[in-house]
Amino acid sequence: MTTPDVDVLLTRAQSWLAEDPDPETRAELKEVLAAAEADDAAAEADLADRFHGTLEFGTAGLRGALGAGPNRMNRVVVTRAAAGLAAYLVDTGAEPGSPVVIGYDARYNSDVFARDTAEVMAGAGLRPLLLPRPLPTPVLAFAIRELGAAAGVMVTASHNPPRDNGYKVYLGDGSQIVPPADEEIAVRIAAVGSLTAVARAEPESTGGGVLGEEVLEAYLASVEGLVADGPRDLTVVYTPLHGVGASPLLRVLTDAGFPEPRVVEQQADPDPAFPTVAFPNPEEPGAMDLALDLAALADADLVLANDPDADRCAVAVPGPDGWRMLRGDEVGALLADHLLTSGRTGVYATSIVSSSLLGRQAAAHGQPFAETLTGFKWIGRLPDLAFGYEEALGYCVDPAHVADKDGVSAALLLCEMAAVAKAAGRTLQDRLDEIAVEHGLHATDQLSVRVSDLAEIGAAMARLRGTPPTELGGQPVTTTDDLSLGSAALPPTDGLRYRTAGGSRVIVRPSGTEPKLKCYLEVVVPVADGDVAAARASATEQLAALRADIAAAAGI
């Protein structure tokens, strides 16, 4: 699509200024306009990026950089999104006065966007209920069911960079939206005219407003109820990565009888600037350095981290060569093992890009297994779900209360498991080794390439479709699946899956929330004579070969 000329962009920007209620974004845009009118090339390019296109509303809701313009996160975009969502709810049967729960994290403008949403919901005749302060995303998911809400909104950009914010939408089942609801909401957002026509009202006028502590207390009680009596001797180091997880996590751990964790002081309080990390994602290199340093000083048994909205949980364990971060698939296997051996029945589910180990674990205990597309919007809505996880550090251990990933409840169960193991003179790593002996060593890795131009991702996918690899990791490719075609088991999604004669698997897909191309790798190595170390060494070599071959095939 051709970029409009500067005059057209200037006209769009002036129209935007006329209805933008935020003095900060108005001032920001005025500066860009003045520079563009003075023929500043950088300002013209900035203007084009802001006003040529809009943030697309989809199954991930909205997510983008803060700033003025339809291609940024701001009060205009959020007000339109809220109006479109309200129209969808009314059109699909929400009664006047139906509650809509609204949560928010501690990012820049999250509280402002939440209040704007509440006023629009009230103006549409619904009853907005704001969570009492910045809280984890799973509290919002819990509150939807607890309060019988028609929908929920969470203002968060999760683990994105500091400049970003986002807008996640849940329906009354407590799960994130999936097609066709996202498309139907997007149509109504597009139909919103001038903001002056969007009705607003004080949330309190509808009987709504800011909730008290009751819903948070109910959530905490549900989490604390997940653990049984047992050993509690455990030294834990924890970091919330400048997010909102510290208060609820410390509360559930201490109420459950665990010693209070050692918290990384520099990252303990919510801070939207995320000053100690380049990306506030525990998977990113360097994000866990402060926690691991503290763990070494404290002679800790376990390191835990949440991402900024606390819906994910990262884990590190000590080993002979120092601290090791567990992969999401390893944590998923440990949690599944704990729940299966505890007698939890129902469907055990994971995403197609996660390890296939969960299927073997479930089968060994006579429980059904399911695979879904990536994202808890798919996992969380599965009927009879007992446990769900995805490799990106997301775990649903209590689907009866939270049909979404929950880093707080997952952390509590991990502490229970680690304390039981410690009391027996064992570690979580020991249990992982036993699982490998039982089911084969399922080793996973990921090649993730961050791009500055999204066209690079499309070009890589086109190369793979045009010239599919015939060999990966020294093994012939036996099956190639273009996931964009869909199947009886899965809806269409942009992705490619390869299986080799040696049992390896590679999936390539664009990230749904970040400018990244992701390649998910898995090898399965039998453990001969209980020699897990030898199996790990072989798996490391095989993964390296897979990584090199798929990178070459994709041209990344």
# chains A, B, ... in the order shown; residues from 1 in each chain; ligands from 1

call {"tool": "residues_around", "arguments": {"residues": "Leu521 of chain A", "least_positions_apart": "3", "cutoff": "12 Å", "atoms": "only C-alpha atoms", "output": "number ranges by chain"}}
result
A: 329, 352-356, 391, 442-448, 472-473, 497-500, 503-509, 518, 524, 539-540, 542-551

call {"tool": "closest_atom_pairs", "arguments": {"of": "segment 266-379 of chain A", "to": "segment 394-401 of chain A", "cutoff": "12 Å", "atoms": "only C-alpha atoms", "output": "Markdown table"}}
result
| residue | atom | partner | partner_atom | distance |
| --- | --- | --- | --- | --- |
| A:Pro282 | CA | A:Gly394 | CA | 11.8 |
| A:Glu283 | CA | A:Gly394 | CA | 11.8 |
| A:Asn306 | CA | A:Gly394 | CA | 10.2 |
| A:Asp307 | CA | A:Gly394 | CA | 10.2 |
| A:Asp309 | CA | A:Gly394 | CA | 11.9 |
| A:Ala310 | CA | A:Gly394 | CA | 9.8 |
| A:Asp311 | CA | A:Gly394 | CA | 6.8 |
| A:Arg312 | CA | A:Gly394 | CA | 4.8 |
| A:Cys313 | CA | A:Gly394 | CA | 6.7 |
| A:Ala314 | CA | A:Gly394 | CA | 8.9 |
| A:Val315 | CA | A:Gly394 | CA | 11.6 |
| A:Arg327 | CA | A:Gly394 | CA | 11.1 |
| A:Gly328 | CA | A:Gly394 | CA | 7.5 |
| A:Asp329 | CA | A:Gly394 | CA | 9.7 |
| A:Glu330 | CA | A:Tyr395 | CA | 11.5 |
| A:Val331 | CA | A:Tyr395 | CA | 8.7 |
| A:Gly332 | CA | A:Tyr395 | CA | 7.0 |
| A:Ala333 | CA | A:Tyr395 | CA | 10.5 |
| A:Leu334 | CA | A:Tyr395 | CA | 11.0 |
| A:Leu335 | CA | A:Val397 | CA | 7.8 |
| A:Ala336 | CA | A:Val397 | CA | 8.7 |
| A:Asp337 | CA | A:Val397 | CA | 11.7 |
| A:His338 | CA | A:Val397 | CA | 10.3 |
| A:Leu339 | CA | A:Val397 | CA | 8.3 |
| A:Leu340 | CA | A:Val397 | CA | 11.4 |
| A:Arg344 | CA | A:Val397 | CA | 10.2 |
| A:Gly346 | CA | A:Pro399 | CA | 10.7 |
| A:Val347 | CA | A:Pro399 | CA | 10.7 |
| A:Tyr348 | CA | A:Cys396 | CA | 10.2 |
| A:Ala349 | CA | A:Cys396 | CA | 9.7 |
| A:Thr350 | CA | A:Tyr395 | CA | 9.3 |
| A:Ser351 | CA | A:Gly394 | CA | 10.6 |
| A:Ser354 | CA | A:Gly394 | CA | 10.8 |
| A:Thr374 | CA | A:Gly394 | CA | 10.9 |
| A:Gly375 | CA | A:Gly394 | CA | 9.0 |
| A:Phe376 | CA | A:Gly394 | CA | 8.2 |
| A:Lys377 | CA | A:Cys396 | CA | 11.6 |
| A:Ile379 | CA | A:Cys396 | CA | 8.8 |

call {"tool": "closest_residue", "arguments": {"among": "A:Asp289, A:Asp7, A:Asp531, A:Glu371", "to": "Ala436 of chain A", "atoms": "only C-alpha atoms"}}
result
A:Asp531

call {"tool": "atom_distance", "arguments": {"atom1": "atom CA of Arg262 of chain A", "atom2": "atom CA of Gly245 of chain A"}}
result
14.0 Å

call {"tool": "closest_residue", "arguments": {"among": "A:Arg12, A:Arg127, A:His242, A:His159", "to": "Ala106 of chain A", "atoms": "only C-alpha atoms"}}
result
A:His242

call {"tool": "residues_around", "arguments": {"residues": "Ala94 of chain A", "least_positions_apart": "6", "cutoff": "12 Å", "atoms": "only C-alpha atoms", "output": "list of chain:residue names"}}
result
A:Leu85, A:Ala86, A:Ala87, A:Tyr88, A:Val100, A:Met121, A:Ala124, A:Gly125, A:Leu126, A:Arg127, A:Gly148, A:Ala149, A:Ala150, A:Ala151, A:Leu171, A:Gly172

call {"tool": "select_by_dssp", "arguments": {"residues": "segment 329-416 of chain A", "states": "alpha helix (DSSP H)", "output": "VMD selection string"}}
result
chain A and resid 329 to 341 357 to 364 376 to 379 407 to 416

call {"tool": "atom_distance", "arguments": {"atom1": "atom CA of His439 of chain A", "atom2": "atom CA of Leu302 of chain A"}}
result
25.0 Å

call {"tool": "residues_around", "arguments": {"residues": "Leu483 of chain A", "least_positions_apart": "6", "cutoff": "9 Å", "atoms": "only C-alpha atoms", "output": "ChimeraX atom specification"}}
result
/A:490-497

call {"tool": "write_last_selection", "arguments": {"atoms": "N, CA and C atoms", "output": "compact mmCIF listing (two decimals), in the first residue's frame"}}
result
# COMPACT_ATOMS: atom_id res chain seq x y z
N LEU A 490 -7.14 -28.24 13.96
CA LEU A 490 -6.65 -26.90 14.27
C LEU A 490 -7.19 -25.87 13.28
N PRO A 491 -7.58 -24.69 13.74
CA PRO A 491 -7.92 -23.60 12.83
C PRO A 491 -6.67 -23.13 12.09
N PRO A 492 -6.83 -22.41 10.99
CA PRO A 492 -5.66 -21.91 10.26
C PRO A 492 -4.85 -20.92 11.09
N THR A 493 -3.53 -20.97 10.95
CA THR A 493 -2.63 -20.00 11.57
C THR A 493 -1.38 -19.92 10.71
N ASP A 494 -0.72 -18.79 10.72
CA ASP A 494 0.47 -18.62 9.90
C ASP A 494 1.62 -19.36 10.55
N GLY A 495 1.96 -20.52 9.99
CA GLY A 495 3.04 -21.32 10.55
C GLY A 495 3.37 -22.50 9.66
N LEU A 496 4.55 -23.06 9.86
CA LEU A 496 4.99 -24.23 9.12
C LEU A 496 5.55 -25.24 10.12
N ARG A 497 5.24 -26.52 9.92
CA ARG A 497 5.71 -27.57 10.82
C ARG A 497 6.41 -28.65 10.01

call {"tool": "select_by_dssp", "arguments": {"residues": "segment 148-375 of chain A", "states": "strand (DSSP E)", "output": "PyMOL selection string"}}
result
chain A and resi 151-155+164-171+209-210+236-239+262-263+302-306+313-319+322-325+347-351+369-372

call {"tool": "write_last_selection", "arguments": {"atoms": "C-alpha atoms", "output": "CSV table (one decimal), in the first residue's frame"}}
result
chain,number,residue,atom,x,y,z
A,151,ALA,CA,-16.6,-9.5,29.8
A,152,GLY,CA,-13.3,-8.3,31.1
A,153,VAL,CA,-10.6,-6.0,29.9
A,154,MET,CA,-7.0,-6.1,31.1
A,155,VAL,CA,-4.8,-3.1,30.2
A,164,ASP,CA,4.4,-0.3,24.9
A,165,ASN,CA,1.0,-0.9,26.3
A,166,GLY,CA,-1.9,-3.1,25.4
A,167,TYR,CA,-5.6,-4.1,25.7
A,168,LYS,CA,-6.7,-7.7,26.3
A,169,VAL,CA,-10.3,-8.7,26.1
A,170,TYR,CA,-12.0,-11.6,27.8
A,171,LEU,CA,-15.6,-12.8,27.5
A,209,GLY,CA,-16.9,1.8,40.2
A,210,VAL,CA,-13.8,0.7,42.0
A,236,VAL,CA,13.5,-18.8,47.6
A,237,VAL,CA,14.8,-15.8,45.6
A,238,TYR,CA,12.1,-13.9,43.7
A,239,THR,CA,11.9,-11.1,41.3
A,262,ARG,CA,14.4,-13.0,49.3
A,263,VAL,CA,13.2,-10.4,46.8
A,302,LEU,CA,15.0,-22.0,44.0
A,303,VAL,CA,14.7,-18.8,41.9
A,304,LEU,CA,11.3,-17.6,40.8
A,305,ALA,CA,10.4,-14.7,38.6
A,306,ASN,CA,7.2,-13.3,37.2
A,313,CYS,CA,6.5,-17.7,35.8
A,314,ALA,CA,10.2,-18.4,35.3
A,315,VAL,CA,12.3,-20.9,37.3
A,316,ALA,CA,16.0,-21.5,38.0
A,317,VAL,CA,17.5,-24.4,39.9
A,318,PRO,CA,21.0,-25.0,41.2
A,319,GLY,CA,23.3,-27.5,39.6
A,322,GLY,CA,25.8,-23.1,38.8
A,323,TRP,CA,22.3,-21.9,38.4
A,324,ARG,CA,20.3,-23.1,35.4
A,325,MET,CA,17.1,-21.5,34.0
A,347,VAL,CA,-7.6,-33.0,29.8
A,348,TYR,CA,-3.9,-32.1,29.9
A,349,ALA,CA,-3.2,-29.6,27.1
A,350,THR,CA,-0.5,-27.6,25.5
A,351,SER,CA,0.2,-25.7,22.3
A,369,PHE,CA,-4.3,-35.0,25.9
A,370,ALA,CA,-5.0,-32.1,23.6
A,371,GLU,CA,-2.9,-29.7,21.4
A,372,THR,CA,-4.1,-26.3,20.5

call {"tool": "closest_atom_pairs", "arguments": {"of": "segment 361-434 of chain A", "to": "segment 136-147 of chain A", "cutoff": "9 Å", "atoms": "only C-alpha atoms", "output": "JSON lines"}}
result
{"residue": "A:His401", "atom": "CA", "partner": "A:Phe142", "partner_atom": "CA", "distance": 5.8}
{"residue": "A:Val402", "atom": "CA", "partner": "A:Phe142", "partner_atom": "CA", "distance": 5.0}
{"residue": "A:Ala403", "atom": "CA", "partner": "A:Ala141", "partner_atom": "CA", "distance": 6.9}
{"residue": "A:Asp404", "atom": "CA", "partner": "A:Pro138", "partner_atom": "CA", "distance": 6.8}
{"residue": "A:Lys405", "atom": "CA", "partner": "A:Pro138", "partner_atom": "CA", "distance": 6.9}
{"residue": "A:Asp406", "atom": "CA", "partner": "A:Pro138", "partner_atom": "CA", "distance": 5.4}
{"residue": "A:Gly407", "atom": "CA", "partner": "A:Pro138", "partner_atom": "CA", "distance": 7.9}
{"residue": "A:Val408", "atom": "CA", "partner": "A:Pro138", "partner_atom": "CA", "distance": 8.2}
